[in-house]
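A.B. asks: First, the structure itself, so that you have it in front of you.
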Amino acid sequence: MSSIKIKNQNMGIISYYTGFIILIVTTLMIIPILTSLLFREWNPLLDFIISMSISTITGLALMLYGIKAKKSKSNIQWKHGFVVASLSWILLAVLCAIPYRLSGNTLSLLDAVFDVMSGFTTTGVVLTQDLDHLSNGLNMWRHLLTFIGGQGMIVLALSLLVKETGGAYKIYAGEGKDVELVPNVKGTARQIWKISMVYLIIGTAALWINGVIIGLRPVSAFLHALYIFESSWSTGGFAPTTQNIMYYHSASYETIAMVIFILGSLNFGLHYAIWHGNSREIYKNIETQSFFATSFTASMIALLWLSKIDAYSDAVMGLRRIIFNILSAHTTTGFGSVYARQFALEWGDFGIMILIIAMLIGGSACSTAGGFKGLRVGIVFKGLIMDVKKILSSERNMRLYKFHHIKDYILEDGAIKSSAIIICCYMFTFAAGTMLGTYYGYPLSESAFESASITGNVGLSIGITAASMPAVMKVYYIVAMYLGRLEFISAFALIGYIFGGIRKTCLSKLKH
């Protein structure tokens, strides 16, 4: 087979499955369309009809371009899977931003893409203007995007496959997930959505009842409950008001949200195991061990520090704010129970440093959370202990070291190395974002805080993220959110594929 034919076939496979994913996600615009109809919001209705038309045409065009490659039943390779995942995210970020831009609630297309990427990556920082007066249709779309992003657009598309597609796992893994709940990928994707939908019903009901109790009108209470659940479960941090979780002035509302976002930050494999009677997985799993150890330590240190500097005169209120914000940071949810500038003015540099560490560590692998992930932190920590034990033990002692993550795994150098590499990628992205913030004149500690929040897909802000910040920072933050959510590999594969194609084209022209 000629190199040109292979290239066309590769492009066809990538094009077809990218178009398929775009088409599936585009179909979700029916929900804000129906919402706009229900509330008689005619301008938002028109915005979504226009957006859905453009997105549908784009998806169909890509599928038609790649239909020959699909019919040839060519095998989906790893490079195809990673490129499809990374490319579909970029195209969807632009297409799903059209309703934002048409609404007039964003100052530019860049701001609209920023907010969509923030939703998809479950980061939760916003550049949308007049948040308190958004249409119900656009608010529904914002929170739907972060809910879909938590589970993953690829997971959604694969769950709707008519039949299992060969190589589907390679596309699935490209979105930063690797857990297999059942033997096939389509079944795994459906199990992930089943878990999420069960929690959606329970969580929304609990928040709805609580919302009515604290004084919200039934319809408003339901919408707020749905939005806050979607953001909590997806560890996204979006809220329908500028005051975020503080709008409700309710410890019970915060507690329910906190329970939901802790559950959302846990591995889907852990949920599946517990649902099927394996409750011991809660304390045996390396991720839960890592999460509870680091969250408890961070909370205790923060309590000691903030009591030392008398940040809160009311002990109960201080405890409530400290625990909530530490766990919100650690699970990468990004709900804030204090205003952005209060982190800088009340928590001090040491308090900010604690939050930065918590945000970078993040939640569990194959969950809705971001950050390094507790699994990688646990593997690297156990690897360090293993190396120390090897040095201190007899050379004849060939003991195998293991860790437990749903099942027992042998702790191998390859697993430690790959975990350390991803952590290094996060740290490099975090450092670059910090340097960029200081370059534009923001204080070092505040630049580091914002960069950690963006890199870890958290969403807490110290006041830097705003429509007025430099365009270069907006672009970098979009890239950082994207890289952090896809855990770098898929994005690197796309870059390699693009530059590899350019290089081959240039060499071919030189030969001729």
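Identifiers in this document derive from the order of the structure tokens: chains are assigned A, B, ..., residues are numbered from 1 separately in each chain, and ligands are numbered from 1 in order of occurrence.
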Do a neighbour search on Thr465 of chain A at 12 Å with only C-alpha atoms, toss out local chain neighbours closer than 2 positions, and write the hits as a short mmCIF file (atom, residue, chain, number, x, y, z; two decimals) with C-alpha atoms, in the first residue's frame.

C.D. replies:
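Ended up saving to around.cif:
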```cif
data_model
loop_
_atom_site.label_atom_id
_atom_site.label_comp_id
_atom_site.auth_asym_id
_atom_site.auth_seq_id
_atom_site.Cartn_x
_atom_site.Cartn_y
_atom_site.Cartn_z
CA ASP A 111 -13.61 34.10 26.03
CA PHE A 114 -12.24 29.57 27.34
CA ASP A 115 -15.49 28.96 29.21
CA SER A 118 -13.31 25.22 31.40
CA GLY A 124 -14.92 25.86 36.49
CA VAL A 125 -13.25 29.26 36.03
CA VAL A 126 -15.45 31.67 34.07
CA LEU A 127 -15.15 34.68 31.78
CA THR A 128 -18.90 34.82 31.04
CA ALA A 340 -11.53 35.02 45.55
CA ARG A 341 -9.54 37.82 47.16
CA GLY A 437 1.49 35.26 35.51
CA TYR A 442 0.80 39.42 39.10
CA GLU A 446 -1.17 34.53 43.32
CA SER A 447 0.24 33.46 39.96
CA PHE A 449 -2.33 29.68 42.95
CA GLU A 450 -4.09 30.45 39.66
CA SER A 451 -1.72 28.26 37.65
CA SER A 453 -5.99 25.74 39.77
CA ILE A 454 -5.89 25.79 35.97
CA GLY A 459 -11.49 26.29 39.25
CA LEU A 460 -10.74 28.15 42.49
CA SER A 461 -9.54 31.64 41.64
CA ILE A 462 -7.59 34.19 43.57
CA GLY A 463 -8.82 36.97 41.29
CA ALA A 467 -12.08 38.96 30.97
CA SER A 468 -9.56 41.79 31.34
CA MET A 469 -6.50 39.53 31.70
CA PRO A 470 -4.05 39.39 28.74
CA ALA A 471 -5.13 37.30 25.73
CA MET A 473 -2.77 34.17 29.44
CA LYS A 474 -6.25 33.16 28.27
CA VAL A 475 -4.75 31.06 25.47
CA TYR A 476 -2.20 29.48 27.80
CA TYR A 477 -4.87 28.68 30.38
CA ILE A 478 -7.01 27.02 27.67
#
```

A.B. asks: Give one line per residue of segment 104-219 of chain A that approaches segment 13-32 of chain A to at most 9 Å, naming the two atoms of the closest pair and their distance in Å to one decimal, counting only C-alpha atoms; sort by chain then ascending residue number and deliver it as CSV.

C.D. replies:
```
residue,atom,partner,partner_atom,distance
A:Asn136,CA,A:Pro32,CA,7.9
A:Gly137,CA,A:Pro32,CA,4.6
A:Leu138,CA,A:Pro32,CA,6.8
A:Asn139,CA,A:Pro32,CA,8.4
A:Met140,CA,A:Pro32,CA,5.8
A:Trp141,CA,A:Pro32,CA,5.8
A:Leu144,CA,A:Leu28,CA,8.5
A:Ile148,CA,A:Val25,CA,8.6
A:Met153,CA,A:Val25,CA,6.9
A:Ile154,CA,A:Ile21,CA,6.7
A:Leu156,CA,A:Ile24,CA,7.8
A:Ala157,CA,A:Ile21,CA,5.6
A:Leu158,CA,A:Ile21,CA,8.5
A:Leu160,CA,A:Ile24,CA,8.4
A:Ile171,CA,A:Tyr17,CA,8.9
```

A.B. asks: Considering only C-alpha atoms, return as a PyMOL selection string whatever protein or nucleic-acid residues lie within 10 Å of segment 251-260 of chain A, sequence-local ones (same chain, fewer than 3 positions apart) excluded.

C.D. replies: chain A and resi 199-200+202-204+206-211+214+225+228-235+245-246+248+263-265+317+320-321+323-325+327-328+331+333+335+337

A.B. asks: Take the residues that were just selected and, keeping N, CA, C and O atoms, output them as a short mmCIF file (atom, residue, chain, number, x, y, z; two decimals), in the first residue's frame.

C.D. replies:
```
data_model
loop_
_atom_site.label_atom_id
_atom_site.label_comp_id
_atom_site.auth_asym_id
_atom_site.auth_seq_id
_atom_site.Cartn_x
_atom_site.Cartn_y
_atom_site.Cartn_z
N TYR A 199 -26.63 8.59 40.61
CA TYR A 199 -26.25 9.67 41.53
C TYR A 199 -26.95 10.98 41.16
O TYR A 199 -27.28 11.78 42.05
N LEU A 200 -27.16 11.21 39.86
CA LEU A 200 -27.85 12.42 39.42
C LEU A 200 -29.25 12.51 40.03
O LEU A 200 -29.64 13.56 40.55
N ILE A 202 -30.45 10.90 42.75
CA ILE A 202 -30.38 11.00 44.21
C ILE A 202 -29.87 12.37 44.66
O ILE A 202 -30.45 13.03 45.53
N GLY A 203 -28.77 12.82 44.05
CA GLY A 203 -28.14 14.09 44.43
C GLY A 203 -29.01 15.29 44.13
O GLY A 203 -29.13 16.21 44.96
N THR A 204 -29.64 15.30 42.95
CA THR A 204 -30.51 16.42 42.60
C THR A 204 -31.72 16.48 43.53
O THR A 204 -32.14 17.57 43.96
N ALA A 206 -31.89 15.43 46.66
CA ALA A 206 -31.44 15.90 47.98
C ALA A 206 -31.24 17.41 47.98
O ALA A 206 -31.66 18.12 48.91
N LEU A 207 -30.59 17.94 46.94
CA LEU A 207 -30.36 19.38 46.86
C LEU A 207 -31.66 20.15 46.62
O LEU A 207 -31.83 21.26 47.13
N TRP A 208 -32.56 19.56 45.86
CA TRP A 208 -33.86 20.20 45.59
C TRP A 208 -34.66 20.37 46.89
O TRP A 208 -35.15 21.46 47.20
N ILE A 209 -34.75 19.30 47.65
CA ILE A 209 -35.47 19.36 48.92
C ILE A 209 -34.83 20.38 49.85
O ILE A 209 -35.51 21.20 50.48
N ASN A 210 -33.51 20.34 49.91
CA ASN A 210 -32.80 21.28 50.78
C ASN A 210 -32.99 22.71 50.30
O ASN A 210 -33.12 23.64 51.12
N GLY A 211 -32.99 22.90 48.97
CA GLY A 211 -33.19 24.23 48.42
C GLY A 211 -34.54 24.81 48.79
O GLY A 211 -34.66 26.00 49.11
N ILE A 214 -34.53 25.90 52.47
CA ILE A 214 -33.82 27.16 52.78
C ILE A 214 -34.47 28.37 52.12
O ILE A 214 -33.96 29.49 52.23
N ALA A 225 -30.57 22.89 42.05
CA ALA A 225 -30.16 21.55 42.49
C ALA A 225 -29.51 20.78 41.34
O ALA A 225 -28.46 20.14 41.53
N ILE A 228 -26.04 22.50 40.53
CA ILE A 228 -25.02 22.26 41.56
C ILE A 228 -24.63 20.78 41.59
O ILE A 228 -23.45 20.45 41.79
N PHE A 229 -25.60 19.88 41.38
CA PHE A 229 -25.22 18.46 41.32
C PHE A 229 -24.28 18.22 40.15
O PHE A 229 -23.25 17.53 40.31
N GLU A 230 -24.63 18.72 38.97
CA GLU A 230 -23.79 18.48 37.78
C GLU A 230 -22.37 18.99 38.01
O GLU A 230 -21.40 18.33 37.62
N SER A 231 -22.24 20.15 38.64
CA SER A 231 -20.92 20.70 38.93
C SER A 231 -20.21 19.93 40.04
O SER A 231 -18.99 19.73 39.98
N SER A 232 -20.96 19.49 41.03
CA SER A 232 -20.35 18.75 42.16
C SER A 232 -19.88 17.38 41.70
O SER A 232 -18.71 17.01 41.93
N TRP A 233 -20.76 16.62 41.07
CA TRP A 233 -20.41 15.27 40.65
C TRP A 233 -19.25 15.27 39.65
O TRP A 233 -18.37 14.42 39.70
N SER A 234 -19.25 16.27 38.77
CA SER A 234 -18.18 16.36 37.77
C SER A 234 -16.98 17.13 38.29
O SER A 234 -16.06 17.42 37.51
N THR A 235 -16.99 17.45 39.57
CA THR A 235 -15.93 18.27 40.20
C THR A 235 -15.61 19.47 39.31
O THR A 235 -14.45 19.76 39.03
N ILE A 245 -21.12 28.90 45.66
CA ILE A 245 -21.83 28.14 46.69
C ILE A 245 -22.27 29.05 47.85
O ILE A 245 -23.17 28.70 48.63
N MET A 246 -21.68 30.25 47.97
CA MET A 246 -22.03 31.17 49.05
C MET A 246 -23.43 31.74 48.87
O MET A 246 -24.02 32.26 49.82
N TYR A 248 -26.17 30.33 48.69
CA TYR A 248 -27.21 29.61 49.42
C TYR A 248 -27.18 29.87 50.93
O TYR A 248 -28.15 29.57 51.63
N LEU A 263 -17.60 12.03 46.30
CA LEU A 263 -17.98 10.82 45.55
C LEU A 263 -17.56 10.94 44.09
O LEU A 263 -17.07 9.98 43.48
N GLY A 264 -17.74 12.13 43.51
CA GLY A 264 -17.37 12.33 42.11
C GLY A 264 -15.88 12.23 41.86
O GLY A 264 -15.46 11.90 40.76
N SER A 265 -15.08 12.51 42.88
CA SER A 265 -13.63 12.48 42.72
C SER A 265 -13.05 11.07 42.84
O SER A 265 -11.86 10.87 42.65
N MET A 317 -17.45 28.71 62.14
CA MET A 317 -17.43 29.23 60.78
C MET A 317 -16.07 28.98 60.13
O MET A 317 -16.00 28.62 58.95
N ARG A 320 -15.81 25.32 59.18
CA ARG A 320 -16.66 25.06 58.00
C ARG A 320 -15.98 25.53 56.72
O ARG A 320 -15.96 24.82 55.71
N ARG A 321 -15.42 26.72 56.74
CA ARG A 321 -14.80 27.27 55.53
C ARG A 321 -13.49 26.55 55.18
O ARG A 321 -13.22 26.30 54.00
N ILE A 323 -12.45 23.36 56.00
CA ILE A 323 -12.66 21.99 55.53
C ILE A 323 -13.27 22.00 54.13
O ILE A 323 -12.82 21.25 53.24
N PHE A 324 -14.27 22.85 53.91
CA PHE A 324 -14.94 22.88 52.62
C PHE A 324 -13.97 23.26 51.50
O PHE A 324 -13.92 22.61 50.45
N ASN A 325 -13.19 24.32 51.71
CA ASN A 325 -12.30 24.80 50.66
C ASN A 325 -11.12 23.87 50.41
O ASN A 325 -10.68 23.71 49.27
N LEU A 327 -11.18 20.55 50.82
CA LEU A 327 -11.72 19.40 50.09
C LEU A 327 -12.15 19.79 48.68
O LEU A 327 -12.00 19.00 47.74
N SER A 328 -12.65 20.99 48.52
CA SER A 328 -13.01 21.48 47.18
C SER A 328 -11.76 21.58 46.30
O SER A 328 -11.80 21.24 45.11
N THR A 331 -10.33 17.78 45.70
CA THR A 331 -11.12 16.99 44.74
C THR A 331 -11.18 17.67 43.38
O THR A 331 -11.81 17.17 42.46
N THR A 333 -12.77 20.36 42.65
CA THR A 333 -14.12 20.83 42.35
C THR A 333 -14.14 22.32 42.07
O THR A 333 -14.69 22.78 41.07
N PHE A 335 -15.54 24.78 43.99
CA PHE A 335 -16.53 25.60 44.68
C PHE A 335 -15.80 26.39 45.76
O PHE A 335 -14.98 25.82 46.50
N SER A 337 -16.22 28.78 49.17
CA SER A 337 -17.11 29.32 50.20
C SER A 337 -16.55 30.62 50.79
O SER A 337 -17.02 31.10 51.82
#
```

A.B. asks: Could you list, as a ChimeraX atom specification, every residue within 9 Å of Ile406 of chain A, counting only C-alpha atoms and ignoring same-chain residues fewer than 2 positions away?

C.D. replies: /A:269-270,273,281,284-286,404,408

A.B. asks: Please provide the set of residues having any atom within 7 Å of segment 86-93 of chain A, restricted to only C-alpha atoms, with same-chain residues fewer than 4 positions apart removed, written as a ChimeraX atom specification.

C.D. replies: /A:18,21-22,82,97,113,116-117,490-491,494

A.B. asks: Can you measure atom CA of Leu400 of chain A to atom CA of Leu181 of chain A for me? One decimal in Å is fine.

C.D. replies: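 So the answer is 26.6 Å.
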
A.B. asks: Nearest to Gly59 of chain A among A:Leu95, A:Met353, A:Ala365, A:Ile76, with distances taken over only C-alpha atoms: which residue is it?

C.D. replies: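 Smallest distance to Gly59 of chain A is found for A:Leu95.
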
A.B. asks: Quick check, in Å to one decimal: how far apart do atom CA of Ile352 of chain A and atom CA of Arg376 of chain A lie?

C.D. replies: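 Separating atom CA of Ile352 of chain A from atom CA of Arg376 of chain A is a distance of 23.1 Å.
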
A.B. asks: Report the distance between atom CA of Ile301 of chain A and atom CA of Ala448 of chain A in Å, rounded to one decimal place.

C.D. replies: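 So the answer is 19.4 Å.
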
A.B. asks: Which of these, A:Gln289, A:Ala369, A:Asp349, A:Ser279, has the shortest distance to Trp305 of chain A once you count only C-alpha atoms?

C.D. replies: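 For Trp305 of chain A, the nearest of the given residues is A:Asp349.
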
A.B. asks: Of the residues A:Ser53, A:Gln9, A:Thr455, A:Thr58, which is the one nearest to Gly370 of chain A, using only C-alpha atoms?

C.D. replies: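 The answer is A:Thr455, which sits nearest to Gly370 of chain A.
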
A.B. asks: Nearest to Met300 of chain A: which of A:Leu486, A:Ile262, A:Ile322, A:Met52 is it, counting only C-alpha atoms?

C.D. replies: A:Ile322
